[in-house]
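Listing of coords-v1.txt, compact mmCIF, C-alpha atoms
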```txt
# COMPACT_ATOMS: atom_id res chain seq x y z
CA GLN A 140 0.00 0.00 0.00
CA LEU A 141 2.88 2.39 0.73
CA ALA A 142 4.89 1.76 -2.44
CA PRO A 143 3.97 4.02 -5.38
CA SER A 144 2.03 2.27 -8.11
CA TYR A 145 2.56 2.84 -11.82
CA ASP A 146 -0.13 0.48 -13.05
CA THR A 147 -2.13 1.60 -16.07
CA ALA A 148 -5.28 -0.20 -14.85
CA LEU A 149 -7.34 1.09 -11.90
CA PRO A 150 -8.15 -1.92 -9.69
CA VAL A 151 -10.78 -0.09 -7.59
CA ARG A 152 -14.27 -1.16 -8.67
CA ASP A 153 -16.41 0.50 -5.97
CA ALA A 154 -15.80 3.91 -4.39
CA PRO A 155 -18.96 5.14 -2.59
CA GLY A 156 -16.92 7.80 -0.81
CA LEU A 157 -16.68 9.81 -4.01
CA ALA A 158 -20.46 10.28 -4.04
CA GLU A 159 -20.80 11.38 -0.39
CA VAL A 160 -19.86 15.04 -0.16
CA PHE A 161 -20.58 15.75 3.52
CA ASN A 162 -19.31 12.86 5.60
CA ALA A 163 -17.03 13.46 8.58
CA GLU A 164 -15.28 10.11 8.04
CA TYR A 165 -13.89 11.31 4.69
CA GLU A 166 -12.66 14.72 5.84
CA ILE A 167 -8.95 15.48 5.99
CA THR A 168 -7.18 18.10 8.08
CA THR A 169 -6.17 21.20 6.11
CA GLU A 170 -4.40 24.44 6.97
CA PRO A 171 -7.59 26.57 6.60
CA ARG A 172 -9.44 24.25 8.98
CA GLU A 173 -6.67 24.48 11.58
CA ARG A 174 -6.55 28.26 11.26
CA LEU A 175 -10.33 28.55 11.59
CA TYR A 176 -10.31 26.35 14.71
CA ARG A 177 -7.57 28.53 16.25
CA LEU A 178 -9.62 31.67 15.57
CA LEU A 179 -12.75 30.16 17.15
CA SER A 180 -10.74 29.01 20.17
CA ASN A 181 -9.10 32.37 20.83
CA MET A 182 -11.69 34.98 19.82
CA PRO A 183 -14.49 35.95 22.25
CA GLY A 184 -16.91 36.08 19.32
CA GLY A 185 -17.13 37.69 15.91
CA SER A 186 -17.64 37.24 12.20
CA ILE A 187 -15.18 35.27 10.06
CA GLY A 188 -15.27 35.22 6.27
CA VAL A 189 -14.41 32.05 4.36
CA ALA A 190 -13.08 33.06 0.93
CA GLY A 191 -11.79 31.12 -2.03
CA PRO A 192 -12.49 30.14 -5.63
CA ARG A 193 -15.49 28.04 -6.67
CA GLY A 194 -15.07 24.37 -5.73
CA SER A 195 -12.23 24.89 -3.29
CA GLY A 196 -14.20 23.47 -0.36
CA LYS A 197 -15.62 26.52 1.45
CA THR A 198 -18.97 24.83 2.15
CA THR A 199 -17.27 21.62 3.32
CA LEU A 200 -15.10 23.62 5.70
CA MET A 201 -18.09 25.50 7.10
CA ARG A 202 -20.11 22.32 7.51
CA ALA A 203 -17.25 20.82 9.50
CA PHE A 204 -18.02 23.43 12.17
CA CYS A 205 -21.73 24.15 11.67
CA ARG A 206 -23.58 20.89 11.07
CA LYS A 207 -25.30 19.13 13.96
CA GLU A 208 -22.79 16.29 14.22
CA SER A 209 -19.75 18.60 13.99
CA ILE A 210 -17.57 19.72 16.90
CA THR A 211 -19.40 19.41 20.20
CA LYS A 212 -16.93 21.29 22.42
CA LEU A 213 -15.29 24.68 22.05
CA LYS A 214 -13.40 26.35 24.91
CA GLU A 215 -14.54 23.46 27.12
CA ARG A 216 -18.19 24.42 26.53
CA PRO A 217 -20.92 22.71 24.48
CA VAL A 218 -21.52 24.08 20.98
CA LEU A 219 -24.81 25.15 19.40
CA SER A 220 -24.39 25.35 15.64
CA VAL A 221 -26.68 26.00 12.66
CA MET A 222 -26.01 26.24 8.90
CA ILE A 223 -28.13 28.58 6.78
CA PRO A 224 -27.85 29.19 3.02
CA ALA A 225 -28.11 32.84 1.97
CA PRO A 226 -30.87 33.44 -0.60
CA VAL A 227 -29.98 35.03 -3.92
CA GLU A 228 -33.14 37.15 -3.71
CA TYR A 229 -33.75 38.10 -0.11
CA ASP A 230 -35.65 40.30 2.31
CA ALA A 231 -33.45 41.33 5.24
CA ARG A 232 -36.23 41.11 7.81
CA GLU A 233 -37.33 37.65 6.69
CA PHE A 234 -33.75 36.34 6.60
CA ILE A 235 -33.01 37.62 10.12
CA LEU A 236 -36.22 35.99 11.35
CA HIS A 237 -35.11 32.74 9.67
CA ILE A 238 -31.79 32.86 11.54
CA PHE A 239 -33.64 33.62 14.79
CA ALA A 240 -36.05 30.71 14.31
CA SER A 241 -33.22 28.32 13.38
CA VAL A 242 -31.38 29.10 16.63
CA CYS A 243 -34.59 28.62 18.65
CA GLN A 244 -35.26 25.25 16.99
CA ARG A 245 -31.68 24.13 17.61
CA VAL A 246 -32.04 25.00 21.31
CA LEU A 247 -35.14 22.79 21.54
CA GLU A 248 -33.35 19.96 19.71
CA LEU A 249 -30.36 20.10 22.06
CA LYS A 250 -32.69 20.10 25.06
CA GLY A 251 -34.60 17.11 23.69
CA LYS A 252 -37.87 19.04 23.53
CA VAL A 253 -40.46 18.41 20.85
CA LEU A 254 -41.65 21.53 19.10
CA PRO A 255 -45.26 22.00 20.30
CA SER A 256 -48.20 22.58 18.01
CA PRO A 257 -49.32 26.20 17.52
CA TRP A 258 -52.38 25.66 19.72
CA GLU A 259 -50.42 24.16 22.62
CA ASP A 260 -47.87 26.94 22.30
CA MET A 261 -50.56 29.61 22.37
CA GLU A 262 -52.26 27.95 25.34
CA ASP A 263 -49.02 27.96 27.33
CA ALA A 264 -48.23 31.56 26.49
CA GLN A 265 -51.70 33.00 27.09
CA GLY A 266 -52.77 30.95 30.12
CA PRO A 267 -56.43 30.27 30.94
CA PRO A 268 -58.60 33.01 29.38
CA PRO A 269 -60.76 35.04 31.78
CA THR A 270 -64.39 33.96 31.55
CA PHE A 271 -67.34 36.26 30.99
CA PHE A 272 -68.20 36.37 34.67
CA VAL A 273 -64.60 37.19 35.58
CA ARG A 274 -64.01 39.78 32.83
CA VAL A 275 -67.42 41.50 32.56
CA VAL A 276 -69.87 40.62 35.32
CA GLY A 277 -67.54 40.27 38.30
CA LEU A 278 -68.06 38.69 41.70
CA ARG A 279 -70.40 41.36 43.08
CA GLU A 280 -72.84 41.15 40.16
CA THR A 281 -72.77 37.35 40.35
CA LEU A 282 -73.77 37.48 44.02
CA VAL A 283 -76.60 39.90 43.12
CA PHE A 284 -77.88 37.39 40.51
CA PHE A 285 -77.86 34.58 43.04
CA GLY A 286 -79.39 36.69 45.84
CA LEU A 287 -82.18 38.03 43.62
CA GLY A 288 -83.02 34.52 42.50
CA MET A 289 -83.26 33.26 46.09
CA VAL A 290 -85.51 36.22 47.02
CA LEU A 291 -87.85 35.45 44.10
CA ILE A 292 -87.98 31.76 45.05
CA ALA A 293 -88.83 32.69 48.65
CA LEU A 294 -91.47 35.13 47.37
CA SER A 295 -93.07 32.42 45.22
CA LEU A 296 -93.27 30.10 48.24
CA TYR A 297 -94.85 32.89 50.29
CA LEU A 298 -97.42 33.59 47.56
CA ASP A 299 -98.22 29.88 47.35
CA THR A 300 -98.97 29.62 51.09
CA SER A 301 -100.78 32.94 51.41
CA GLY A 302 -103.25 32.29 48.60
CA ILE A 303 -102.65 35.61 46.85
CA ALA A 304 -103.96 35.52 43.27
CA VAL A 305 -100.61 35.87 41.54
CA SER A 306 -98.95 33.26 39.32
CA GLU A 307 -96.42 31.94 41.80
CA GLY A 308 -95.10 29.61 39.07
CA LEU A 309 -93.86 32.57 37.03
CA VAL A 310 -92.18 34.13 40.05
CA PHE A 311 -90.59 30.78 40.95
CA GLY A 312 -89.34 30.29 37.36
CA LEU A 313 -87.71 33.72 37.25
CA GLY A 314 -86.19 33.16 40.67
CA PHE A 315 -84.81 29.76 39.62
CA SER A 316 -83.32 31.29 36.44
CA PHE A 317 -81.53 34.07 38.32
CA ALA A 318 -80.33 31.72 41.06
CA ALA A 319 -79.01 29.18 38.51
CA LEU A 320 -77.12 31.88 36.58
CA GLY A 321 -75.68 33.24 39.81
CA LEU A 322 -74.66 29.77 41.02
CA LEU A 323 -73.02 29.02 37.66
CA GLY A 324 -71.15 32.31 37.84
CA LEU A 325 -69.92 31.61 41.37
CA LEU A 326 -68.68 28.19 40.30
CA ILE A 327 -66.78 29.66 37.32
CA GLN A 328 -65.34 32.40 39.53
CA ALA A 329 -64.09 29.83 42.06
CA LEU A 330 -62.51 27.60 39.40
CA TYR A 331 -60.78 30.54 37.70
CA ILE A 332 -59.44 31.99 40.96
CA ARG A 333 -58.09 28.59 42.00
CA ARG A 334 -56.40 28.02 38.63
CA HIS A 335 -54.95 31.52 38.62
CA ARG A 336 -53.59 31.04 42.15
CA ASP A 337 -51.96 27.73 41.13
CA ARG A 338 -50.24 29.43 38.16
CA ASP A 339 -49.04 32.25 40.41
CA THR A 340 -47.69 29.73 42.91
CA GLN A 341 -45.80 27.91 40.14
CA GLY A 342 -44.50 31.23 38.81
CA ASP A 343 -43.11 32.21 42.21
CA SER A 344 -40.48 29.48 42.04
CA GLU A 345 -37.38 30.54 40.10
CA PRO A 346 -37.07 28.44 36.88
CA ASP A 347 -33.71 26.81 36.24
CA GLN A 348 -31.58 27.67 33.22
CA ASP A 349 -32.89 24.79 31.08
CA GLU A 350 -36.54 25.63 31.70
CA LEU A 351 -35.98 29.33 31.08
CA LEU A 352 -34.09 28.66 27.83
CA VAL A 353 -36.72 26.24 26.48
CA LYS A 354 -39.59 28.53 27.48
CA THR A 355 -37.96 31.56 25.87
CA ALA A 356 -37.16 29.64 22.66
CA ARG A 357 -40.79 28.49 22.37
CA GLU A 358 -42.14 31.98 22.97
CA HIS A 359 -39.88 33.45 20.28
CA LEU A 360 -40.80 30.70 17.80
CA GLN A 361 -44.47 31.41 18.37
CA GLU A 362 -43.86 35.12 17.92
CA ILE A 363 -41.90 34.57 14.69
CA ARG A 364 -44.25 32.10 13.05
CA PHE A 365 -47.67 33.59 13.70
CA GLN A 366 -49.40 36.92 13.47
CA GLN A 367 -51.34 36.33 16.64
CA SER A 368 -55.06 36.89 16.93
CA TYR A 369 -56.54 35.82 20.23
CA SER A 370 -60.26 35.74 21.00
CA SER A 371 -62.12 34.87 24.16
CA GLY A 372 -65.88 34.58 24.43
CA TRP A 373 -68.69 33.30 26.59
CA GLY A 374 -72.34 32.65 25.89
CA GLY A 375 -75.16 30.94 27.71
CA SER A 376 -78.93 30.68 27.92
CA LEU A 377 -81.40 29.19 30.34
CA SER A 378 -85.07 28.43 29.50
CA VAL A 379 -87.71 27.52 32.06
CA PRO A 380 -91.16 26.50 30.70
CA ILE A 381 -93.98 27.71 33.00
CA ALA A 382 -97.52 26.79 32.03
CA GLN A 383 -98.15 28.51 28.69
CA LEU A 384 -95.09 30.78 29.07
CA THR A 385 -91.33 30.32 28.67
CA ALA A 386 -88.85 32.38 30.68
CA GLU A 387 -85.47 32.66 28.95
CA ALA A 388 -82.25 34.49 29.88
CA ARG A 389 -79.24 34.76 27.57
CA VAL A 390 -75.88 36.55 27.85
CA ASP A 391 -73.03 36.73 25.27
CA ALA A 392 -69.63 38.43 25.26
CA ALA A 393 -66.47 38.25 23.13
CA VAL A 394 -63.07 39.90 23.12
CA THR A 395 -60.56 39.74 20.22
CA LEU A 396 -56.92 40.87 20.39
CA ALA A 397 -54.64 41.09 17.32
CA ARG A 398 -50.89 41.69 17.56
CA HIS A 399 -48.98 43.92 15.16
CA GLN A 400 -45.89 42.62 13.37
CA LEU A 401 -42.61 43.26 15.12
CA SER A 402 -40.45 45.93 13.54
CA LEU A 403 -36.87 45.14 12.52
CA PRO A 404 -35.32 47.00 15.52
CA GLU A 405 -37.60 45.03 17.88
CA ILE A 406 -36.59 41.76 16.22
CA MET A 407 -32.90 42.65 16.56
CA ASP A 408 -33.34 43.56 20.23
CA HIS A 409 -35.12 40.25 20.98
CA TYR A 410 -32.50 38.31 19.03
CA ARG A 411 -29.55 39.85 20.86
CA THR A 412 -31.19 39.26 24.25
CA PHE A 413 -31.88 35.63 23.34
CA ILE A 414 -28.32 35.03 22.13
CA GLU A 415 -27.00 36.42 25.44
CA LEU A 416 -29.23 33.93 27.26
CA VAL A 417 -28.08 31.02 25.08
CA HIS A 418 -24.42 31.99 25.57
CA LYS A 419 -24.72 31.33 29.31
CA GLU A 420 -24.62 27.64 28.37
CA TYR A 421 -23.35 27.32 24.78
CA GLU A 422 -20.78 28.62 22.35
CA ILE A 423 -22.77 29.54 19.23
CA ILE A 424 -21.60 29.03 15.63
CA ILE A 425 -23.85 30.23 12.79
CA GLY A 426 -22.82 29.47 9.21
CA ILE A 427 -24.19 31.60 6.35
CA ASP A 428 -23.34 29.88 3.10
CA GLU A 429 -23.73 30.71 -0.60
CA LEU A 430 -23.11 34.44 -0.08
CA ASP A 431 -20.52 34.25 -2.86
CA LYS A 432 -23.31 33.14 -5.23
CA ILE A 433 -25.08 36.50 -4.97
CA GLY A 434 -24.75 38.28 -8.31
CA SER A 435 -22.59 41.34 -7.65
CA ASP A 436 -20.37 42.83 -4.96
CA GLU A 437 -22.87 45.67 -4.55
CA GLN A 438 -25.63 43.20 -3.63
CA VAL A 439 -23.32 41.41 -1.21
CA GLN A 440 -22.38 44.70 0.44
CA ARG A 441 -26.03 45.67 0.79
CA PHE A 442 -26.82 42.25 2.26
CA LEU A 443 -24.00 42.54 4.83
CA ASN A 444 -25.02 46.08 5.71
CA GLU A 445 -28.52 44.88 6.53
CA ILE A 446 -27.54 41.89 8.66
CA LYS A 447 -24.32 43.04 10.32
CA ALA A 448 -26.30 44.34 13.31
CA LEU A 449 -26.42 40.63 14.27
CA PHE A 450 -22.64 40.57 14.66
CA GLY A 451 -20.53 41.56 17.63
CA LEU A 452 -22.14 39.36 20.31
CA GLU A 453 -19.91 37.59 22.81
CA GLY A 454 -19.79 33.83 22.38
CA CYS A 455 -21.50 33.97 18.98
CA PHE A 456 -19.46 33.29 15.83
CA TYR A 457 -20.61 33.81 12.24
CA LEU A 458 -18.89 31.92 9.41
CA ILE A 459 -19.75 33.53 6.08
CA SER A 460 -18.65 32.35 2.64
CA VAL A 461 -17.51 35.26 0.48
CA SER A 462 -15.88 35.74 -2.91
CA GLU A 463 -12.23 36.42 -3.64
CA SER A 464 -13.04 40.06 -4.45
CA ALA A 465 -14.35 40.44 -0.89
CA LEU A 466 -11.05 39.05 0.35
CA SER A 467 -9.08 41.60 -1.69
CA SER A 468 -11.26 44.40 -0.28
CA PHE A 469 -10.63 43.12 3.25
CA GLU A 470 -6.87 42.99 2.66
CA ARG A 471 -6.93 46.73 1.84
CA ARG A 472 -8.44 47.58 5.23
CA GLY A 473 -5.43 49.72 6.26
CA LEU A 474 -6.22 52.30 3.57
CA PRO A 475 -8.25 55.43 4.38
CA ILE A 476 -11.23 54.07 2.37
CA ARG A 477 -13.34 51.83 4.62
CA ASP A 478 -15.97 49.57 3.08
CA VAL A 479 -18.56 47.12 4.39
CA PHE A 480 -16.20 44.12 4.23
CA ASP A 481 -13.75 45.88 6.52
CA SER A 482 -16.47 46.77 9.04
CA SER A 483 -18.26 43.40 8.90
CA PHE A 484 -15.44 40.84 9.28
CA ASP A 485 -12.95 40.32 12.07
CA ALA A 486 -10.89 37.89 9.97
CA ILE A 487 -11.04 36.06 6.64
CA VAL A 488 -9.77 32.52 6.09
CA TYR A 489 -8.64 31.77 2.55
CA VAL A 490 -9.41 28.31 1.15
CA ASP A 491 -7.37 27.38 -1.93
CA TYR A 492 -7.50 24.37 -4.23
CA PHE A 493 -5.70 21.25 -2.99
CA ASN A 494 -2.12 20.66 -3.96
CA LEU A 495 -1.08 17.17 -5.14
CA ASN A 496 -0.35 15.90 -1.61
CA ARG A 497 -3.76 16.96 -0.23
CA ALA A 498 -5.58 15.59 -3.27
CA GLN A 499 -3.89 12.20 -2.77
CA GLN A 500 -4.87 12.21 0.91
CA LEU A 501 -8.50 12.98 0.05
CA LEU A 502 -8.71 10.26 -2.62
CA ARG A 503 -7.09 7.66 -0.36
CA ARG A 504 -9.60 8.50 2.36
CA ARG A 505 -12.58 8.24 0.03
CA VAL A 506 -11.50 5.37 -2.25
CA ILE A 507 -9.26 2.97 -0.36
```
Serialized structure, structure tokens:
Amino acid sequence: QLAPSYDTALPVRDAPGLAEVFNAEYEITTEPRERLYRLLSNMPGGSIGVAGPRGSGKTTLMRAFCRKESITKLKERPVLSVMIPAPVEYDAREFILHIFASVCQRVLELKGKVLPSPWEDMEDAQGPPPTFFVRVVGLRETLVFFGLGMVLIALSLYLDTSGIAVSEGLVFGLGFSFAALGLLGLLIQALYIRRHRDRDTQGDSEPDQDELLVKTAREHLQEIRFQQSYSSGWGGSLSVPIAQLTAEARVDAAVTLARHQLSLPEIMDHYRTFIELVHKEYEIIIGIDELDKIGSDEQVQRFLNEIKALFGLEGCFYLISVSESALSSFERRGLPIRDVFDSSFDAIVYVDYFNLNRAQQLLRRRVI
């Protein structure tokens, strides 16, 4: 195996490794990978460009640090990593929300939590909705309903025993209706107060870091995915047939709340706060690939200008694939003219084509 071969026939019949692009078993150590690892190990956070010609392995290098099964430890801390392709046609707000949602989902995956359905998520966030009696009628009015009903029932019994020529059945029916509505209201009030007290008691205890992180990630995912509209309503009727008459009481109420879309500054503020919370436990690596596929340098500069507010967070690294022209602009950063590449990147790692030695190593790993 070690002696060089000069055969003219290739004896290898099957080489599945050549078809698998992203497989950690087939990766070889290169100088750009070692330099990138040194930067991640020594910088507190920042944005690092990955530059090089087409097909040199920029995406493979980024995936070595950003895919789920990549490095699990950095600076003796667990790593949270995501890989996101940059769209050729993009909206800055939507792309930032996509990054935000990807980080939230990755937090839930690392914590082993299943992403809840929208309805469960809304239920958790909103809590038990106040009922009609709690929101509109109130405890005092409910007691008045019940008291009036009992008075009318007592009056009907008095009329029945005294022989006064008044339809005691009608009075009794009205009294029963009022008393039933009041009793129902008191029951709903008691159940709501008890449930609310239980939630307050649970909220008094300080949540641990895991619970707080999972709860915050779910809340942000709900906020990102849905334009919330929340409605709460109550309706009820009670009919009491009395001789040829029917006494009926009915009450309805509804409340609808709609939330406005978050503005871009609000999204950025929420994102930065969430990243600071995640950094208490993880080192964060976010890969933004395919940026070198965007048509022109002007579009790339506009894209970076719109997302660079995400940069500069401690414990959060951004790996961004850029073109060779971006690298040349970065290398001129000592000149008086300062452009977006200079202000966006802390360092740029150059990935070149393999030399003969590296190409042989790669083929041996994937073929033999």
As an exercise, work out the distance from atom CA of A:Leu430 to atom CA of A:Gly191 in Å and give it to one decimal place. 12.0 Å
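The smallest atom-to-atom distance between A:Ile167 and any of A:Met182, A:Leu294, A:Ile187, A:Ala498, using all atoms listed in the file, is found for A:Ala498.
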To test the calculation: enclose all listed atoms of stretch 190-207 of chain A in a box whose edges run along x, y and z, add 8 Å on each side, then state centre and edge lengths in Å to one decimal, as JSON.
```
{"center_x": -18.5, "center_y": 26.1, "center_z": 3.6, "size_x": 29.5, "size_y": 29.9, "size_z": 36.6}
```
Neighbours of A:Arg503 within 10 Å (all atoms listed in the file; same-chain residues fewer than 6 positions away dropped), as an MDAnalysis selection string? chainID A and resid 156 165 497
Kindly indicate which residue among A:Arg245, A:His237, A:Lys252, A:Lys212 lies nearest to A:Tyr410, using all atoms listed in the file for the distances.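 Closest to A:Tyr410 of all the choices is A:His237.
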Could you add all heavy atoms to stretch 178-188 of chain A and give me the result as a PDB file, in the coordinates of the input?
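Final output, out01.pdb:
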```
ATOM      1  N   LEU A 178      -8.875  30.417  15.416  1.00  0.00           N
ATOM      2  CA  LEU A 178      -9.620  31.670  15.570  1.00  0.00           C
ATOM      3  C   LEU A 178     -10.820  31.489  16.497  1.00  0.00           C
ATOM      4  O   LEU A 178     -11.072  32.315  17.387  1.00  0.00           O
ATOM      5  CB  LEU A 178     -10.094  32.167  14.197  1.00  0.00           C
ATOM      6  CG  LEU A 178      -9.025  32.717  13.254  1.00  0.00           C
ATOM      7  CD1 LEU A 178      -9.616  32.953  11.867  1.00  0.00           C
ATOM      8  CD2 LEU A 178      -8.446  34.015  13.806  1.00  0.00           C
ATOM      9  N   LEU A 179     -11.578  30.407  16.303  1.00  0.00           N
ATOM     10  CA  LEU A 179     -12.750  30.160  17.150  1.00  0.00           C
ATOM     11  C   LEU A 179     -12.347  29.929  18.605  1.00  0.00           C
ATOM     12  O   LEU A 179     -13.075  30.298  19.529  1.00  0.00           O
ATOM     13  CB  LEU A 179     -13.529  28.953  16.628  1.00  0.00           C
ATOM     14  CG  LEU A 179     -14.185  29.101  15.249  1.00  0.00           C
ATOM     15  CD1 LEU A 179     -14.812  27.785  14.819  1.00  0.00           C
ATOM     16  CD2 LEU A 179     -15.224  30.204  15.253  1.00  0.00           C
ATOM     17  N   SER A 180     -11.173  29.325  18.806  1.00  0.00           N
ATOM     18  CA  SER A 180     -10.740  29.010  20.170  1.00  0.00           C
ATOM     19  C   SER A 180     -10.214  30.220  20.912  1.00  0.00           C
ATOM     20  O   SER A 180     -10.219  30.232  22.146  1.00  0.00           O
ATOM     21  CB  SER A 180      -9.656  27.921  20.126  1.00  0.00           C
ATOM     22  OG  SER A 180     -10.140  26.739  19.517  1.00  0.00           O
ATOM     23  N   ASN A 181      -9.762  31.241  20.171  1.00  0.00           N
ATOM     24  CA  ASN A 181      -9.100  32.370  20.830  1.00  0.00           C
ATOM     25  C   ASN A 181      -9.908  33.667  20.783  1.00  0.00           C
ATOM     26  O   ASN A 181      -9.633  34.577  21.560  1.00  0.00           O
ATOM     27  CB  ASN A 181      -7.730  32.614  20.197  1.00  0.00           C
ATOM     28  CG  ASN A 181      -6.750  31.489  20.511  1.00  0.00           C
ATOM     29  OD1 ASN A 181      -6.230  31.386  21.614  1.00  0.00           O
ATOM     30  ND2 ASN A 181      -6.523  30.622  19.533  1.00  0.00           N
ATOM     31  N   MET A 182     -10.877  33.768  19.885  1.00  0.00           N
ATOM     32  CA  MET A 182     -11.690  34.980  19.820  1.00  0.00           C
ATOM     33  C   MET A 182     -12.864  34.883  20.775  1.00  0.00           C
ATOM     34  O   MET A 182     -13.420  33.797  20.976  1.00  0.00           O
ATOM     35  CB  MET A 182     -12.203  35.194  18.381  1.00  0.00           C
ATOM     36  CG  MET A 182     -11.124  35.534  17.373  1.00  0.00           C
ATOM     37  SD  MET A 182     -11.734  35.501  15.658  1.00  0.00           S
ATOM     38  CE  MET A 182     -13.031  36.732  15.725  1.00  0.00           C
ATOM     39  N   PRO A 183     -13.300  35.992  21.378  1.00  0.00           N
ATOM     40  CA  PRO A 183     -14.490  35.950  22.250  1.00  0.00           C
ATOM     41  C   PRO A 183     -15.787  35.830  21.471  1.00  0.00           C
ATOM     42  O   PRO A 183     -16.832  35.481  22.020  1.00  0.00           O
ATOM     43  CB  PRO A 183     -14.413  37.301  22.988  1.00  0.00           C
ATOM     44  CG  PRO A 183     -13.668  38.201  22.059  1.00  0.00           C
ATOM     45  CD  PRO A 183     -12.672  37.327  21.341  1.00  0.00           C
ATOM     46  N   GLY A 184     -15.740  36.097  20.188  1.00  0.00           N
ATOM     47  CA  GLY A 184     -16.910  36.080  19.320  1.00  0.00           C
ATOM     48  C   GLY A 184     -16.572  36.911  18.101  1.00  0.00           C
ATOM     49  O   GLY A 184     -15.543  37.595  18.072  1.00  0.00           O
ATOM     50  N   GLY A 185     -17.404  36.870  17.076  1.00  0.00           N
ATOM     51  CA  GLY A 185     -17.130  37.690  15.910  1.00  0.00           C
ATOM     52  C   GLY A 185     -17.574  37.048  14.623  1.00  0.00           C
ATOM     53  O   GLY A 185     -18.192  35.971  14.617  1.00  0.00           O
ATOM     54  N   SER A 186     -17.260  37.715  13.533  1.00  0.00           N
ATOM     55  CA  SER A 186     -17.640  37.240  12.200  1.00  0.00           C
ATOM     56  C   SER A 186     -16.386  36.934  11.403  1.00  0.00           C
ATOM     57  O   SER A 186     -15.479  37.761  11.339  1.00  0.00           O
ATOM     58  CB  SER A 186     -18.492  38.293  11.481  1.00  0.00           C
ATOM     59  OG  SER A 186     -17.837  39.548  11.492  1.00  0.00           O
ATOM     60  N   ILE A 187     -16.361  35.742  10.809  1.00  0.00           N
ATOM     61  CA  ILE A 187     -15.180  35.270  10.060  1.00  0.00           C
ATOM     62  C   ILE A 187     -15.632  34.936   8.646  1.00  0.00           C
ATOM     63  O   ILE A 187     -16.563  34.144   8.445  1.00  0.00           O
ATOM     64  CB  ILE A 187     -14.562  34.037  10.733  1.00  0.00           C
ATOM     65  CG1 ILE A 187     -14.180  34.355  12.176  1.00  0.00           C
ATOM     66  CG2 ILE A 187     -13.349  33.551   9.945  1.00  0.00           C
ATOM     67  CD1 ILE A 187     -13.730  33.141  12.965  1.00  0.00           C
ATOM     68  N   GLY A 188     -14.973  35.541   7.660  1.00  0.00           N
ATOM     69  CA  GLY A 188     -15.270  35.220   6.270  1.00  0.00           C
ATOM     70  C   GLY A 188     -14.478  34.003   5.824  1.00  0.00           C
ATOM     71  O   GLY A 188     -13.354  33.773   6.263  1.00  0.00           O
TER      72      GLY A 188
END
```
